[in-house]
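Novice: data.cif is reproduced below (mmCIF, C-alpha atoms).
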```cif
data_input
#
loop_
_atom_site.label_atom_id
_atom_site.label_comp_id
_atom_site.auth_asym_id
_atom_site.auth_seq_id
_atom_site.Cartn_x
_atom_site.Cartn_y
_atom_site.Cartn_z
CA ALA A 1 0.00 0.00 0.00
CA ARG A 2 1.16 3.53 -0.70
CA ALA A 3 -0.29 6.98 -0.13
CA LEU A 4 0.33 10.49 -1.43
CA ALA A 5 0.34 13.13 1.32
CA VAL A 6 0.09 16.90 1.58
CA MET A 7 1.17 19.12 4.47
CA SER A 8 -1.55 21.27 6.00
CA ARG A 9 0.24 24.41 7.20
CA LEU A 10 -2.48 27.02 6.84
CA GLY A 11 -4.65 25.42 9.51
CA SER A 12 -7.62 25.83 7.17
CA ALA A 13 -10.34 23.20 7.04
CA LEU A 14 -11.42 24.47 3.62
CA ALA A 15 -7.88 24.12 2.24
CA ALA A 16 -7.62 20.60 3.66
CA GLU A 17 -10.95 19.68 2.10
CA LEU A 18 -9.89 21.03 -1.30
CA VAL A 19 -6.61 19.09 -1.45
CA ALA A 20 -8.24 15.90 -0.14
CA GLU A 21 -10.97 16.17 -2.76
CA LYS A 22 -8.34 16.44 -5.49
CA GLY A 23 -6.89 13.04 -4.59
CA PHE A 24 -4.37 13.34 -1.75
CA GLU A 25 -4.93 10.28 0.45
CA VAL A 26 -3.25 11.71 3.58
CA VAL A 27 -3.32 15.20 5.07
CA ILE A 28 -0.52 15.88 7.57
CA LEU A 29 -1.36 18.66 10.00
CA ASP A 30 2.02 20.34 10.30
CA HIS A 31 2.39 21.77 13.79
CA ALA A 32 6.16 21.88 13.32
CA LYS A 33 6.21 24.50 10.55
CA GLY A 34 2.58 25.55 10.25
CA ALA A 35 -0.31 26.77 12.37
CA GLU A 36 -0.02 25.10 15.79
CA ASP A 37 -3.73 25.22 16.61
CA LEU A 38 -5.24 22.11 18.16
CA LEU A 39 -8.70 23.64 18.43
CA GLY A 40 -8.69 24.46 14.74
CA ALA A 41 -7.23 21.02 14.04
CA MET A 42 -10.59 19.43 14.79
CA ALA A 43 -12.17 21.17 11.81
CA VAL A 44 -9.22 20.22 9.58
CA ILE A 45 -9.48 16.57 10.63
CA HIS A 46 -13.24 16.46 10.09
CA ALA A 47 -12.89 18.02 6.64
CA THR A 48 -10.14 15.54 5.74
CA VAL A 49 -12.05 12.47 6.89
CA ARG A 50 -15.24 13.69 5.22
CA CYS A 51 -13.40 13.50 1.88
CA GLY A 52 -12.18 9.96 2.56
CA ALA A 53 -8.57 10.90 3.39
CA HIS A 54 -6.56 10.17 6.54
CA ALA A 55 -5.29 12.76 9.03
CA LEU A 56 -1.84 12.61 10.63
CA LEU A 57 -0.19 15.18 12.88
CA ARG A 58 3.46 16.26 12.83
CA LEU A 59 4.48 17.58 16.22
CA PRO A 60 7.19 20.21 16.73
CA ALA A 61 8.85 18.44 19.67
CA PHE A 62 8.27 15.99 22.51
CA SER A 63 5.25 17.25 24.41
CA LEU A 64 2.98 14.93 26.36
CA GLY A 65 0.33 17.63 26.71
CA HIS A 66 0.31 18.40 23.00
CA LEU A 67 0.19 14.70 22.14
CA ARG A 68 -2.72 13.95 24.47
CA ARG A 69 -4.78 16.81 23.09
CA ALA A 70 -3.94 15.73 19.54
CA LEU A 71 -5.15 12.18 20.20
CA HIS A 72 -8.35 13.56 21.71
CA VAL A 73 -9.21 15.47 18.54
CA GLY A 74 -8.94 12.30 16.47
CA VAL A 75 -5.70 12.10 14.47
CA GLU A 76 -4.89 8.67 13.07
CA GLY A 77 -1.15 8.97 13.50
CA VAL A 78 1.64 11.14 14.84
CA ILE A 79 5.06 12.10 13.47
CA PHE A 80 7.70 13.02 16.06
CA PRO A 81 11.17 14.42 15.41
CA VAL A 82 13.86 12.16 16.86
CA HIS A 83 17.57 12.91 17.19
CA SER A 84 18.71 9.82 19.08
CA LEU A 85 17.74 6.29 20.07
CA GLU A 86 16.54 7.61 23.44
CA ASP A 87 14.16 9.99 21.64
CA ALA A 88 12.65 7.08 19.72
CA HIS A 89 12.04 5.09 22.91
CA ALA A 90 10.56 8.14 24.61
CA MET A 91 8.23 8.72 21.67
CA VAL A 92 6.80 5.22 21.87
CA GLU A 93 6.41 5.62 25.64
CA LEU A 94 4.39 8.80 25.14
CA CYS A 95 2.12 7.25 22.53
CA LEU A 96 1.41 3.86 24.06
CA TYR A 97 -0.10 3.08 27.44
CA PRO A 98 1.74 1.14 30.17
CA SER A 99 -0.20 -2.07 29.62
CA ARG A 100 1.33 -2.46 26.16
CA ASN A 101 3.81 -5.35 26.17
CA LEU A 102 7.16 -3.79 25.28
CA PRO A 103 10.36 -5.87 25.36
CA GLU A 104 12.35 -5.75 28.56
CA GLU A 105 15.41 -4.37 26.82
CA THR A 106 13.56 -1.09 26.36
CA LYS A 107 15.73 1.49 28.08
CA LEU A 108 12.78 3.25 29.64
CA VAL A 109 11.27 0.28 31.48
CA GLU A 110 12.48 1.58 34.83
CA ALA A 111 11.27 5.09 34.10
CA ARG A 112 7.87 3.76 33.05
CA MET A 113 7.45 1.79 36.26
CA LYS A 114 8.68 4.70 38.34
CA ASN A 115 6.02 6.96 36.83
CA GLN A 116 3.10 4.67 37.53
CA PRO A 117 0.79 6.81 39.70
CA PHE A 118 -0.65 3.92 41.74
CA ARG A 119 2.41 1.75 42.21
CA ARG A 120 2.57 2.30 46.00
CA MET A 121 -1.13 2.20 46.74
CA ASP A 122 -2.93 -0.73 48.31
CA PHE A 123 -6.05 -1.70 46.38
CA SER A 124 -6.79 -4.87 48.34
CA PHE A 125 -9.89 -3.21 49.76
CA ALA A 126 -11.56 -3.16 46.33
CA PRO A 127 -10.28 -6.01 44.14
CA SER A 128 -13.40 -6.19 41.97
CA LEU A 129 -13.30 -2.49 41.15
CA VAL A 130 -9.60 -2.59 40.36
CA GLU A 131 -10.03 -5.66 38.16
CA PHE A 132 -12.90 -4.02 36.26
CA TRP A 133 -11.05 -0.80 35.56
CA GLY A 134 -7.85 -2.70 34.82
CA GLN A 135 -9.65 -4.60 32.07
CA ARG A 136 -11.11 -1.40 30.66
CA VAL A 137 -7.71 0.31 30.59
CA ALA A 138 -6.08 -2.74 28.97
CA GLU A 139 -8.75 -2.84 26.26
CA PHE A 140 -8.43 0.89 25.59
CA SER A 141 -4.66 0.51 25.42
CA ARG A 142 -4.92 -2.33 22.91
CA ARG A 143 -7.25 -0.38 20.64
CA GLN A 144 -5.08 2.73 20.90
CA ALA A 145 -1.96 0.83 19.88
CA GLU A 146 -3.67 -0.88 16.95
CA SER A 147 -5.25 2.26 15.51
CA LEU A 148 -2.43 4.79 15.93
CA LEU A 149 0.41 5.15 13.42
CA ILE A 150 3.64 6.13 15.22
CA ALA A 151 6.29 7.62 12.95
CA ALA A 152 9.77 8.80 13.86
CA GLN A 153 10.93 11.77 11.81
CA VAL A 154 14.61 11.63 10.94
CA ASP A 155 15.89 15.02 9.83
CA SER A 156 19.34 15.35 11.42
CA SER A 157 22.76 13.77 11.08
CA GLY A 158 22.55 12.61 14.70
CA ALA A 159 19.45 10.55 14.04
CA ALA A 160 20.82 9.27 10.74
CA ALA A 161 23.93 8.01 12.55
CA CYS A 162 21.91 5.74 14.84
CA ILE A 163 19.19 4.70 12.39
CA GLU A 164 20.19 1.03 12.64
CA ASP A 165 19.16 1.09 16.31
CA ILE A 166 16.09 3.29 15.84
CA VAL A 167 14.47 0.85 13.40
CA LYS A 168 14.66 -1.85 16.07
CA VAL A 169 12.45 0.07 18.53
CA GLU A 170 9.34 -1.95 19.31
CA GLY A 171 6.09 -0.08 18.76
CA LEU A 172 7.51 2.22 16.08
CA ASP A 173 5.62 1.84 12.79
CA MET A 174 7.32 4.20 10.35
CA ILE A 175 10.48 6.15 9.68
CA PHE A 176 9.66 9.52 8.09
CA ILE A 177 12.62 11.18 6.35
CA ASP A 178 12.52 14.99 6.17
CA ALA A 179 15.32 16.00 3.82
CA SER A 180 14.26 19.66 3.77
CA ASN A 181 16.43 20.40 6.81
CA GLY A 182 19.74 19.59 5.17
CA LEU A 183 20.21 15.81 5.29
CA ALA A 184 22.94 14.81 2.86
CA ALA A 185 22.12 12.49 -0.04
CA ASN A 186 24.33 9.73 1.39
CA GLU A 187 22.55 10.00 4.76
CA VAL A 188 19.14 9.66 3.07
CA GLU A 189 20.40 6.62 1.19
CA ALA A 190 21.73 5.02 4.38
CA ILE A 191 18.41 5.60 6.16
CA GLN A 192 16.44 4.07 3.30
CA LYS A 193 18.69 1.01 3.31
CA ALA A 194 18.37 0.54 7.08
CA VAL A 195 14.58 0.87 7.05
CA LYS A 196 13.80 -1.35 4.08
CA GLY A 197 11.87 -4.43 5.13
CA LYS A 198 11.83 -3.47 8.82
CA LYS A 199 9.52 -0.46 9.10
CA LEU A 200 7.22 1.52 6.87
CA LEU A 201 9.02 4.31 5.04
CA GLY A 202 7.69 7.82 4.48
CA GLY A 203 9.26 11.09 3.57
CA LEU A 204 9.40 14.69 2.50
CA LEU A 205 12.19 14.94 -0.07
CA PRO A 206 12.18 18.19 -2.07
CA GLY A 207 13.22 17.75 -5.68
CA ARG A 208 12.31 14.05 -5.81
CA LYS A 209 9.23 12.91 -7.73
CA ALA A 210 6.58 10.90 -5.90
CA GLU A 211 6.56 8.05 -8.42
CA GLU A 212 10.33 7.68 -8.10
CA LEU A 213 10.05 7.44 -4.32
CA PHE A 214 7.21 4.94 -4.49
CA ARG A 215 9.31 2.75 -6.76
CA GLY A 216 12.13 3.08 -4.25
CA GLY A 217 10.03 1.51 -1.48
CA TYR A 218 8.29 4.48 0.15
CA GLN A 219 4.77 3.86 1.44
CA LEU A 220 4.02 7.52 2.25
CA VAL A 221 5.28 10.44 0.18
CA CYS A 222 4.60 14.06 1.09
CA ALA A 223 4.52 15.82 -2.28
CA ALA A 224 3.29 19.32 -1.44
CA SER A 225 1.81 21.66 1.14
CA ASP A 226 -1.42 23.65 1.06
CA HIS A 227 0.36 26.99 1.34
CA GLY A 228 2.87 25.95 -1.33
CA LEU A 229 0.10 24.96 -3.74
CA LEU A 230 -1.66 28.27 -3.08
CA ALA A 231 1.54 30.23 -3.64
CA GLU A 232 2.32 28.40 -6.89
CA GLY A 233 -1.22 28.92 -8.14
CA ALA A 234 -1.01 32.63 -7.40
CA LYS A 235 2.40 32.85 -9.08
CA ALA A 236 1.12 31.11 -12.21
CA CYS A 237 -1.89 33.41 -12.36
CA ILE A 238 0.26 36.54 -12.06
CA ALA A 239 2.66 35.22 -14.71
CA GLU A 240 -0.21 35.08 -17.20
CA ARG A 241 -1.14 38.72 -16.61
CA PRO A 242 -0.56 40.88 -19.68
CA LYS A 243 2.57 42.99 -19.44
#
```
Would you encode the structure as structure tokens?

Specialist:
Amino acid sequence: ARALAVMSRLGSALAAELVAEKGFEVVILDHAKGAEDLLGAMAVIHATVRCGAHALLRLPAFSLGHLRRALHVGVEGVIFPVHSLEDAHAMVELCLYPSRNLPEETKLVEARMKNQPFRRMDFSFAPSLVEFWGQRVAEFSRRQAESLLIAAQVDSSGAAACIEDIVKVEGLDMIFIDASNGLAANEVEAIQKAVKGKKLLGGLLPGRKAEELFRGGYQLVCAASDHGLLAEGAKACIAERPK
């Protein structure tokens, strides 16, 4: 499966609806370089889904509060910037709930257990209640993990250097390459080679055609942005104006 994506940077539900209607299968709400408005994101998501497309969210940085609010408004996946193996583990920890079975070699196992709010409390007085809510939380956790796409954005030399380890992180679904920040061609090639056959591959690679990237093994290609399409349309219209 493969999908053509567009960045939503204007924060406009109408713009998202227009690009989704024209055939983009995925709309990525870009809170890293666009309008960082979670309230307005609800309208963008609804407009996207109404047209049969999928809505993902690219976050500017690690933020538990931002992530929780994003999941509440209904995004189907999140894209986090990572600069190290530790970032990748932390990202999965933020996205998945504690009941998810992660391998014991995960570096943040101790931190996860330490942060459990009820670890020192005695619930022996109400075993039935605890069992009931424990089952509900486990079921919610399972559904959350199955329905949420978790993508690690690699856009720095530091992340590229440890990509072999990042692709081994349990719970991570996709590696998203953003070459617009200065990744060298050899770094992009090394990332692609490391990811192939292990994780889904997505990317934003200026100057590369979508069909070429799809043939190269990408499942998600971001080919444009709403504000870029608007700017190019305006430029083309002005160019046709009589001198």

Novice: Just want the 7 Å neighbourhood of A:Gly34, counted on all atoms listed in the file, with same-chain residues fewer than 2 positions away dropped. Output as a PDB file with C-alpha atoms, in the frame of the given file.

Specialist:
```pdb
ATOM      1  CA  ARG A   9       0.240  24.410   7.200  1.00  0.00           C
ATOM      2  CA  LEU A  10      -2.480  27.020   6.840  1.00  0.00           C
ATOM      3  CA  ASP A  30       2.020  20.340  10.300  1.00  0.00           C
ATOM      4  CA  HIS A  31       2.390  21.770  13.790  1.00  0.00           C
ATOM      5  CA  ALA A  32       6.160  21.880  13.320  1.00  0.00           C
ATOM      6  CA  GLU A  36      -0.020  25.100  15.790  1.00  0.00           C
TER       7      GLU A  36
END
```

Novice: Can you measure atom CA of A:Leu71 to atom CA of A:Leu29 for me? One decimal in Å is fine.

Specialist: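 Between atom CA of A:Leu71 and atom CA of A:Leu29 the gap works out to 12.7 Å.
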
Novice: Please indicate the distance in Å from atom CA of A:Val44 to atom CA of A:Ala90, rounded to one decimal place.

Specialist: 27.6 Å

Novice: My list of candidates is A:Asp178, A:Asp155, A:Asp173, A:Glu212. Which is closest to A:Val195 when distances are computed with all atoms listed in the file?

Specialist: A:Asp173

Novice: Residues proximal to (15.1, 3.0, 1.2) were defined as those with any atom within 10 Å of that point in the file's coordinates, counting only C-alpha atoms. Which are they, as a ChimeraX atom specification?

Specialist: /A:177,188-197,200-202,213-218

Novice: Evaluate the PyMOL selection byres ((chain A and resi 166) around 9) here and jot the selected residues down as a ChimeraX atom specification.

Specialist: /A:84-86,88-89,152,159,162-165,167-169,172,175

Novice: What is the distance, in Å and to one decimal place, between atom CA of A:Cys222 and atom CA of A:Leu204?

Specialist: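 We find that atom CA of A:Cys222 and atom CA of A:Leu204 lie 5.0 Å from each other.
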
Novice: Given all atoms listed in the file, how would the per-residue table for stretch 147-196 of chain A near stretch 52-66 of chain A read, listing every residue at most 10 Å away with its closest atom pair and distance in Å to one decimal, sorted by chain and number, as a tab-separated table?

Specialist:
```
residue	atom	partner	partner_atom	distance
A:Leu148	CA	A:Leu56	CA	9.5
A:Leu149	CA	A:Leu56	CA	8.3
A:Ile150	CA	A:Leu56	CA	9.6
A:Ala151	CA	A:Arg58	CA	9.1
A:Ala152	CA	A:Arg58	CA	9.8
A:Gln153	CA	A:Arg58	CA	8.8
```

Novice: Using all atoms listed in the file for the distances, tell me which of A:Cys51, A:Ala160, A:Ala236, A:Ala3 is nearest to A:Leu18.

Specialist: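 Of A:Cys51, A:Ala160, A:Ala236, A:Ala3, the one nearest A:Leu18, counting all atoms listed in the file, is A:Cys51.
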
Novice: Determine the nearest neighbour of A:Glu25 from the options A:Ser156, A:Asn186, A:Thr48, A:Ser147, counting only C-alpha atoms.

Specialist: A:Thr48

Novice: Compute the distance from (7.7, 1.8, 23.1) to each atom, counting all atoms listed in the file, keep the residues with any atom at most 7 Å away, and return them as a PyMOL selection string; use the coordinates of the file.

Specialist: chain A and resi 89+92-93+96+102+169-171

Novice: Just say which residues the PyMOL selection byres ((chain A and resi 42) around 10) picks in this file, as a ChimeraX atom specification.

Specialist: /A:11,13,37-41,43-48,70,72-75
